[in-house]
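> Provided herewith: start14.pdb, PDB, C-alpha atoms.
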```pdb
ATOM      1  CA  ARG D  24     100.372 109.194  58.029
ATOM      2  CA  SER D  25     102.735 112.097  58.774
ATOM      3  CA  VAL D  26     100.166 113.711  61.052
ATOM      4  CA  LYS D  27      99.578 110.464  62.966
ATOM      5  CA  ASN D  28     103.298 109.721  63.397
ATOM      6  CA  ALA D  29     104.460 113.230  64.314
ATOM      7  CA  SER D  30     105.465 114.167  67.865
ATOM      8  CA  LEU D  31     105.026 117.898  67.313
ATOM      9  CA  ILE D  32     103.046 119.747  64.656
ATOM     10  CA  TYR D  33     103.254 123.473  63.955
ATOM     11  CA  LEU D  34     100.011 125.079  62.835
ATOM     12  CA  PHE D  35      99.596 128.457  61.176
ATOM     13  CA  SER D  36      96.150 129.344  62.516
ATOM     14  CA  LYS D  37      93.500 128.540  65.094
ATOM     15  CA  GLU D  38      91.359 127.211  62.254
ATOM     16  CA  ASP D  39      94.063 124.670  61.354
ATOM     17  CA  LEU D  40      94.319 123.666  65.003
ATOM     18  CA  GLU D  41      90.611 122.896  65.191
ATOM     19  CA  VAL D  42      90.900 120.559  62.199
ATOM     20  CA  VAL D  43      94.125 118.749  63.094
ATOM     21  CA  GLN D  44      93.534 118.211  66.814
ATOM     22  CA  HIS D  45      91.057 115.415  66.036
ATOM     23  CA  LEU D  46      93.532 113.580  63.790
ATOM     24  CA  THR D  47      96.574 113.133  66.000
ATOM     25  CA  LYS D  48      97.916 112.689  69.511
ATOM     26  CA  ALA D  49     100.940 114.867  68.733
ATOM     27  CA  SER D  50     101.685 118.080  70.579
ATOM     28  CA  LEU D  51     100.191 120.981  68.641
ATOM     29  CA  LYS D  52     101.725 124.427  68.596
ATOM     30  CA  LEU D  53     100.587 127.620  66.892
ATOM     31  CA  GLN D  54     103.474 129.122  64.945
ATOM     32  CA  ILE D  55     103.203 131.612  62.089
ATOM     33  CA  ASP D  56     104.993 130.690  58.885
ATOM     34  CA  THR D  57     107.233 133.728  58.534
ATOM     35  CA  GLY D  58     109.171 136.190  60.675
ATOM     36  CA  THR D  59     110.169 139.816  61.046
ATOM     37  CA  GLU D  60     113.374 141.415  59.875
ATOM     38  CA  ILE D  61     114.201 144.314  62.161
ATOM     39  CA  SER D  62     116.109 146.976  60.253
ATOM     40  CA  TYR D  63     115.914 149.712  62.862
ATOM     41  CA  LYS D  64     114.418 150.557  66.233
ATOM     42  CA  ALA D  65     112.601 153.840  66.618
ATOM     43  CA  LYS D  66     112.916 155.809  69.823
ATOM     44  CA  ALA D  67     109.735 156.756  71.637
ATOM     45  CA  GLU D  68     110.319 160.474  71.096
ATOM     46  CA  GLU D  69     110.663 159.871  67.339
ATOM     47  CA  ILE D  70     107.317 158.109  67.281
ATOM     48  CA  PHE D  71     105.553 160.764  69.322
ATOM     49  CA  SER D  72     106.838 163.589  67.095
ATOM     50  CA  LYS D  73     105.970 161.646  63.921
ATOM     51  CA  HIS D  74     102.252 161.422  64.695
ATOM     52  CA  ASN D  75     100.666 164.829  64.112
ATOM     53  CA  ASP D  76      97.780 166.331  62.144
ATOM     54  CA  GLU D  77      99.010 164.657  58.956
ATOM     55  CA  ILE D  78      98.325 160.916  59.097
ATOM     56  CA  ASN D  79      99.494 158.421  56.474
ATOM     57  CA  ALA D  80      98.155 154.897  56.020
ATOM     58  CA  ILE D  81      99.287 152.227  53.591
ATOM     59  CA  TRP D  82      97.550 149.232  51.986
ATOM     60  CA  VAL D  83      99.537 146.597  50.067
ATOM     61  CA  GLY D  84      98.104 143.744  48.026
ATOM     62  CA  SER D  85      96.799 142.429  44.745
ATOM     63  CA  ILE D  86      93.601 143.692  43.196
ATOM     64  CA  SER D  87      91.653 140.509  43.834
ATOM     65  CA  SER D  88      88.500 139.402  45.604
ATOM     66  CA  ARG D  89      90.497 137.793  48.440
ATOM     67  CA  LYS D  90      92.301 141.043  49.285
ATOM     68  CA  CYS D  91      89.011 143.028  49.399
ATOM     69  CA  PRO D  92      90.281 146.453  48.287
ATOM     70  CA  GLU D  93      86.667 147.601  47.994
ATOM     71  CA  ILE D  94      86.251 147.157  51.766
ATOM     72  CA  LEU D  95      89.146 149.573  52.241
ATOM     73  CA  LEU D  96      87.666 152.252  49.985
ATOM     74  CA  LYS D  97      84.110 151.881  51.308
ATOM     75  CA  ALA D  98      85.367 152.019  54.896
ATOM     76  CA  LEU D  99      87.405 155.177  54.300
ATOM     77  CA  ASP D 100      84.331 156.849  52.824
ATOM     78  CA  LYS D 101      82.678 156.451  56.254
ATOM     79  CA  VAL D 102      85.587 157.817  58.315
ATOM     80  CA  ASN D 103      85.289 161.156  60.115
ATOM     81  CA  PHE D 104      88.691 162.759  59.601
ATOM     82  CA  ASN D 105      87.920 165.737  61.879
ATOM     83  CA  GLY D 106      89.961 168.129  59.785
ATOM     84  CA  LYS D 107      93.043 165.875  59.764
ATOM     85  CA  LYS D 108      95.056 165.681  56.578
ATOM     86  CA  PHE D 109      94.935 161.998  55.662
ATOM     87  CA  THR D 110      96.924 160.252  52.946
ATOM     88  CA  LEU D 111      96.319 156.708  51.728
ATOM     89  CA  THR D 112      98.958 154.939  49.677
ATOM     90  CA  MET D 113      97.744 151.853  47.836
ATOM     91  CA  VAL D 114     100.547 149.588  46.628
ATOM     92  CA  TYR D 115      99.088 146.995  44.318
ATOM     93  CA  THR D 116      99.503 144.488  41.538
ATOM     94  CA  GLY D 117      96.845 143.950  38.910
ATOM     95  CA  GLU D 118      94.446 146.547  37.582
ATOM     96  CA  PHE D 119      91.650 148.662  39.048
ATOM     97  CA  ASP D 120      88.301 147.772  37.521
ATOM     98  CA  ASP D 121      85.464 150.235  36.908
ATOM     99  CA  ALA D 122      83.835 149.478  40.262
ATOM    100  CA  LEU D 123      87.010 150.346  42.209
ATOM    101  CA  ASN D 124      87.581 153.479  40.141
ATOM    102  CA  GLU D 125      84.037 154.574  41.010
ATOM    103  CA  LEU D 126      84.808 154.136  44.717
ATOM    104  CA  LEU D 127      87.872 156.366  44.360
ATOM    105  CA  ILE D 128      85.897 159.353  43.049
ATOM    106  CA  PRO D 129      84.211 160.538  46.306
ATOM    107  CA  LEU D 130      87.350 159.783  48.336
ATOM    108  CA  LYS D 131      89.522 162.067  46.247
ATOM    109  CA  ASN D 132      87.492 165.014  47.569
ATOM    110  CA  LYS D 133      88.247 163.996  51.179
ATOM    111  CA  ILE D 134      91.775 162.594  51.289
ATOM    112  CA  ASN D 135      95.003 162.306  49.353
ATOM    113  CA  ILE D 136      95.355 159.006  47.501
ATOM    114  CA  PHE D 137      98.525 157.727  45.867
ATOM    115  CA  LEU D 138      98.341 154.611  43.697
ATOM    116  CA  LYS D 139     101.579 152.652  43.271
ATOM    117  CA  ASN D 140     101.470 149.756  40.820
ATOM    118  CA  ASN D 141     104.130 147.018  40.626
ATOM    119  CA  ILE D 142     106.861 148.864  42.505
ATOM    120  CA  ALA D 143     110.099 147.440  43.905
ATOM    121  CA  LYS D 144     110.238 145.961  47.405
ATOM    122  CA  ASP D 145     112.707 148.617  48.568
ATOM    123  CA  GLU D 146     110.232 151.327  47.616
ATOM    124  CA  VAL D 147     107.460 149.524  49.502
ATOM    125  CA  GLN D 148     109.684 149.413  52.589
ATOM    126  CA  GLN D 149     110.381 153.128  52.324
ATOM    127  CA  LEU D 150     106.683 153.909  51.990
ATOM    128  CA  MET D 151     106.035 151.849  55.126
ATOM    129  CA  LYS D 152     108.649 153.833  57.034
ATOM    130  CA  GLU D 153     106.833 157.011  56.003
ATOM    131  CA  SER D 154     103.415 155.660  57.074
ATOM    132  CA  ASP D 155     101.672 155.716  60.455
ATOM    133  CA  PHE D 156      99.653 152.511  60.221
ATOM    134  CA  PHE D 157      98.848 149.603  57.911
ATOM    135  CA  ILE D 158      95.417 148.483  56.698
ATOM    136  CA  HIS D 159      95.030 144.893  55.496
ATOM    137  CA  THR D 160      91.528 143.972  54.358
ATOM    138  CA  SER D 161      92.191 140.412  53.139
ATOM    139  CA  TYR D 162      89.929 137.717  54.569
ATOM    140  CA  ARG D 163      92.244 134.726  53.988
ATOM    141  CA  GLU D 164      96.015 134.544  54.555
ATOM    142  CA  ALA D 165      98.618 132.433  56.305
ATOM    143  CA  ALA D 166     100.418 135.136  58.264
ATOM    144  CA  SER D 167     101.061 137.241  55.152
ATOM    145  CA  ALA D 168     104.626 138.415  54.639
ATOM    146  CA  VAL D 169     103.425 141.965  54.105
ATOM    147  CA  ILE D 170     101.908 142.076  57.605
ATOM    148  CA  LEU D 171     105.234 140.999  59.083
ATOM    149  CA  GLU D 172     106.964 143.676  57.005
ATOM    150  CA  ALA D 173     104.561 146.268  58.386
ATOM    151  CA  ILE D 174     105.196 145.091  61.951
ATOM    152  CA  SER D 175     108.948 145.176  61.275
ATOM    153  CA  ASN D 176     108.518 148.874  60.496
ATOM    154  CA  GLY D 177     106.564 149.503  63.689
ATOM    155  CA  LEU D 178     103.197 149.971  62.001
ATOM    156  CA  PRO D 179     100.004 149.185  63.907
ATOM    157  CA  VAL D 180      97.934 146.826  61.746
ATOM    158  CA  ILE D 181      94.201 146.832  61.141
ATOM    159  CA  CYS D 182      93.189 143.412  59.809
ATOM    160  CA  HIS D 183      90.614 140.654  60.056
ATOM    161  CA  ASP D 184      90.851 138.434  63.136
ATOM    162  CA  VAL D 185      91.325 135.223  61.190
ATOM    163  CA  SER D 186      93.991 132.776  59.974
ATOM    164  CA  GLY D 187      97.649 133.593  60.540
ATOM    165  CA  MET D 188      96.825 137.284  60.749
ATOM    166  CA  ALA D 189      95.156 136.685  64.102
ATOM    167  CA  LEU D 190      98.418 135.224  65.430
ATOM    168  CA  ALA D 191     100.784 137.784  63.933
ATOM    169  CA  VAL D 192      98.921 140.872  65.146
ATOM    170  CA  SER D 193      98.514 141.202  68.902
ATOM    171  CA  ASP D 194      95.724 143.167  70.552
ATOM    172  CA  ASP D 195      98.337 145.659  71.755
ATOM    173  CA  SER D 196      99.912 146.232  68.346
ATOM    174  CA  GLY D 197      96.847 146.461  66.150
ATOM    175  CA  ILE D 198      93.085 146.305  65.791
ATOM    176  CA  LYS D 199      91.560 143.004  64.674
ATOM    177  CA  ILE D 200      88.179 142.929  62.959
ATOM    178  CA  PRO D 201      85.916 139.884  63.454
ATOM    179  CA  LEU D 202      85.157 138.161  60.149
ATOM    180  CA  VAL D 203      81.367 138.069  60.291
ATOM    181  CA  SER D 204      79.936 139.790  57.229
ATOM    182  CA  TYR D 205      80.936 142.092  54.388
ATOM    183  CA  ASN D 206      78.969 145.084  55.682
ATOM    184  CA  LEU D 207      80.160 144.650  59.259
ATOM    185  CA  SER D 208      83.769 144.561  58.051
ATOM    186  CA  ILE D 209      83.263 147.888  56.257
ATOM    187  CA  LYS D 210      81.765 149.411  59.399
ATOM    188  CA  LEU D 211      84.463 148.109  61.760
ATOM    189  CA  PHE D 212      87.389 148.941  59.469
ATOM    190  CA  ALA D 213      85.995 152.485  59.315
ATOM    191  CA  GLU D 214      85.739 152.677  63.107
ATOM    192  CA  ALA D 215      89.234 151.271  63.622
ATOM    193  CA  THR D 216      90.714 153.725  61.121
ATOM    194  CA  SER D 217      88.904 156.608  62.811
ATOM    195  CA  LYS D 218      90.386 155.603  66.169
ATOM    196  CA  LEU D 219      93.968 155.624  64.908
ATOM    197  CA  ILE D 220      93.479 158.905  63.043
ATOM    198  CA  ASN D 221      91.792 160.769  65.877
ATOM    199  CA  ASN D 222      93.418 159.269  68.972
ATOM    200  CA  LYS D 223      97.120 160.134  68.987
ATOM    201  CA  ALA D 224      97.713 158.405  72.317
ATOM    202  CA  MET D 225      96.328 155.139  70.930
ATOM    203  CA  LEU D 226      98.400 155.444  67.762
ATOM    204  CA  ASP D 227     101.557 156.142  69.777
ATOM    205  CA  THR D 228     100.915 153.224  72.128
ATOM    206  CA  LYS D 229     100.173 150.735  69.369
ATOM    207  CA  THR D 230     103.236 151.850  67.401
ATOM    208  CA  LEU D 231     105.507 151.161  70.372
ATOM    209  CA  ALA D 232     103.750 147.813  70.835
ATOM    210  CA  SER D 233     104.295 146.978  67.180
ATOM    211  CA  PHE D 234     108.056 147.428  67.547
ATOM    212  CA  ARG D 235     107.934 145.113  70.574
ATOM    213  CA  ARG D 236     105.896 142.630  68.549
ATOM    214  CA  ALA D 237     108.544 142.712  65.835
ATOM    215  CA  GLU D 238     111.095 141.545  68.399
ATOM    216  CA  GLU D 239     108.808 138.687  69.463
ATOM    217  CA  LEU D 240     108.277 137.540  65.873
ATOM    218  CA  SER D 241     111.865 137.912  64.662
ATOM    219  CA  TRP D 242     113.524 135.128  62.691
ATOM    220  CA  LYS D 243     116.147 134.919  65.459
ATOM    221  CA  LYS D 244     113.484 134.306  68.110
ATOM    222  CA  LYS D 245     111.707 131.802  65.833
ATOM    223  CA  ALA D 246     114.951 129.861  65.295
ATOM    224  CA  GLN D 247     115.459 129.661  69.060
ATOM    225  CA  ILE D 248     111.939 128.328  69.600
ATOM    226  CA  ILE D 249     112.243 125.670  66.880
ATOM    227  CA  ALA D 250     115.682 124.586  68.115
ATOM    228  CA  ASN D 251     114.370 124.204  71.673
ATOM    229  CA  ASP D 252     111.344 122.279  70.434
ATOM    230  CA  TYR D 253     113.576 119.960  68.405
ATOM    231  CA  ILE D 254     115.721 119.201  71.441
ATOM    232  CA  GLU D 255     112.638 118.524  73.551
ATOM    233  CA  VAL D 256     111.147 116.174  70.943
ATOM    234  CA  TYR D 257     114.474 114.356  70.618
ATOM    235  CA  LYS D 258     114.724 113.882  74.393
ATOM    236  CA  ASN D 259     111.257 112.394  74.544
ATOM    237  CA  SER D 260     111.598 110.135  71.506
TER     238      SER D 260
END
```
Could you express the structure from this file as structure tokens?

Amino acid sequence: RSVKNASLIYLFSKEDLEVVQHLTKASLKLQIDTGTEISYKAKAEEIFSKHNDEINAIWVGSISSRKCPEILLKALDKVNFNGKKFTLTMVYTGEFDDALNELLIPLKNKINIFLKNNIAKDEVQQLMKESDFFIHTSYREAASAVILEAISNGLPVICHDVSGMALAVSDDSGIKIPLVSYNLSIKLFAEATSKLINNKAMLDTKTLASFRRAEELSWKKKAQIIANDYIEVYKNS
């Protein structure tokens, strides 16, 4: 009944839009369910000097099937680091099972890996500030608060091109992986990671774009949009 009587409906993903558009005559608008909090703005020269031969990536999530941590580890095993010093920080809740621990063994001979379990939000934010890009292997989210936190810190995001993630991450500010199959995701996450590690110009450009994206997705901008929509709906009611 609410869907049929509404004048305007916000939807969190293209998938939701495809379902709801057949159920109502209301105006439909894609709008992610969270926003960015901009704590600082980096200058271009700070970004360019930050990206060097030591690259840091961060992954944040629960150890669960939906978050697909095994895709992360299998993808990194396929990356050509070309002599770059690469550090992965995994911030997680839950516990590593035997299968994930097995995947860590060959990686430890190639890269630095830091495992951070159940740490405070402030520490997560600091780790993001020290990172160069964010990897998010989940296959089902709304927009995911952690992606917005990464964007708030100017991190390019590698994620699946699905759900709210597809709306939050722009083509300029990240690399989106089509959700087709498990093995293809491993392959494409590896390729995307290789690009950001080995192409400084791309990493610099996407970092600047991520800071711009944070402005576009800010709570202040979202409040303005909703207020304007409310006024428009009221006028037409």
> Take CA of Thr160 (chain D) and CA of Gly177 (chain D) and report the distance between them in Å, one decimal.
18.5 Å
> Determine the residue set returned by the PyMOL selection byres ((chain D and resi 140-150) around 6) for the present structure, and present it as JSON, numbers by chain.
{"D": [114, 115, 116, 139, 151, 152, 153]}
> Report as a tab-separated table (two decimals) with C-alpha atoms, keeping the file's coordinate frame the residues that result from applying the PyMOL selection byres ((chain D and resi 96) around 12) to the structure here.

```tsv
chain	number	residue	atom	x	y	z
D	82	TRP	CA	97.55	149.23	51.99
D	91	CYS	CA	89.01	143.03	49.40
D	92	PRO	CA	90.28	146.45	48.29
D	93	GLU	CA	86.67	147.60	47.99
D	94	ILE	CA	86.25	147.16	51.77
D	95	LEU	CA	89.15	149.57	52.24
D	97	LYS	CA	84.11	151.88	51.31
D	98	ALA	CA	85.37	152.02	54.90
D	99	LEU	CA	87.40	155.18	54.30
D	100	ASP	CA	84.33	156.85	52.82
D	101	LYS	CA	82.68	156.45	56.25
D	102	VAL	CA	85.59	157.82	58.32
D	111	LEU	CA	96.32	156.71	51.73
D	112	THR	CA	98.96	154.94	49.68
D	113	MET	CA	97.74	151.85	47.84
D	122	ALA	CA	83.84	149.48	40.26
D	123	LEU	CA	87.01	150.35	42.21
D	124	ASN	CA	87.58	153.48	40.14
D	125	GLU	CA	84.04	154.57	41.01
D	126	LEU	CA	84.81	154.14	44.72
D	127	LEU	CA	87.87	156.37	44.36
D	128	ILE	CA	85.90	159.35	43.05
D	129	PRO	CA	84.21	160.54	46.31
D	130	LEU	CA	87.35	159.78	48.34
D	131	LYS	CA	89.52	162.07	46.25
D	133	LYS	CA	88.25	164.00	51.18
D	134	ILE	CA	91.78	162.59	51.29
D	136	ILE	CA	95.36	159.01	47.50
D	158	ILE	CA	95.42	148.48	56.70
D	159	HIS	CA	95.03	144.89	55.50
D	160	THR	CA	91.53	143.97	54.36
D	208	SER	CA	83.77	144.56	58.05
D	209	ILE	CA	83.26	147.89	56.26
D	210	LYS	CA	81.76	149.41	59.40
D	212	PHE	CA	87.39	148.94	59.47
D	213	ALA	CA	86.00	152.49	59.32
D	216	THR	CA	90.71	153.72	61.12
```
> What residues come out when you apply the PyMOL selection byres ((chain D and resi 243-250) around 12) to this file, written as a PyMOL selection string?
chain D and resi 31-33+52-61+236-242+251-257
> Can you measure CA of Leu178 (chain D) to CA of Lys199 (chain D) for me? One decimal in Å is fine.
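Atom-to-atom, CA of Leu178 (chain D) to CA of Lys199 (chain D), that is 13.8 Å.
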> Of the residues D:Ser233, D:Asn221, D:Ser161, D:Ser167, which is the one nearest to Asp195 (chain D), using all atoms listed in the file?
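Residue with the minimum atom-to-atom distance to Asp195 (chain D): D:Ser233.
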> Rounded to one decimal, what separation in Å do you get between CA of Ala191 (chain D) and CA of Leu138 (chain D)?
26.4 Å
> Identify the residues around (106.2, 143.4, 52.7) within a radius of 8 Å, measuring from only C-alpha atoms in the coordinates stated by the file, and give them as number ranges by chain.
D: 83, 144, 147-148, 168-173
> Out of D:Asp194, D:Glu77, D:Asp155, D:Asp39, which residue has the shortest atom-to-atom distance to Lys107 (chain D) when counting all atoms listed in the file?
D:Glu77
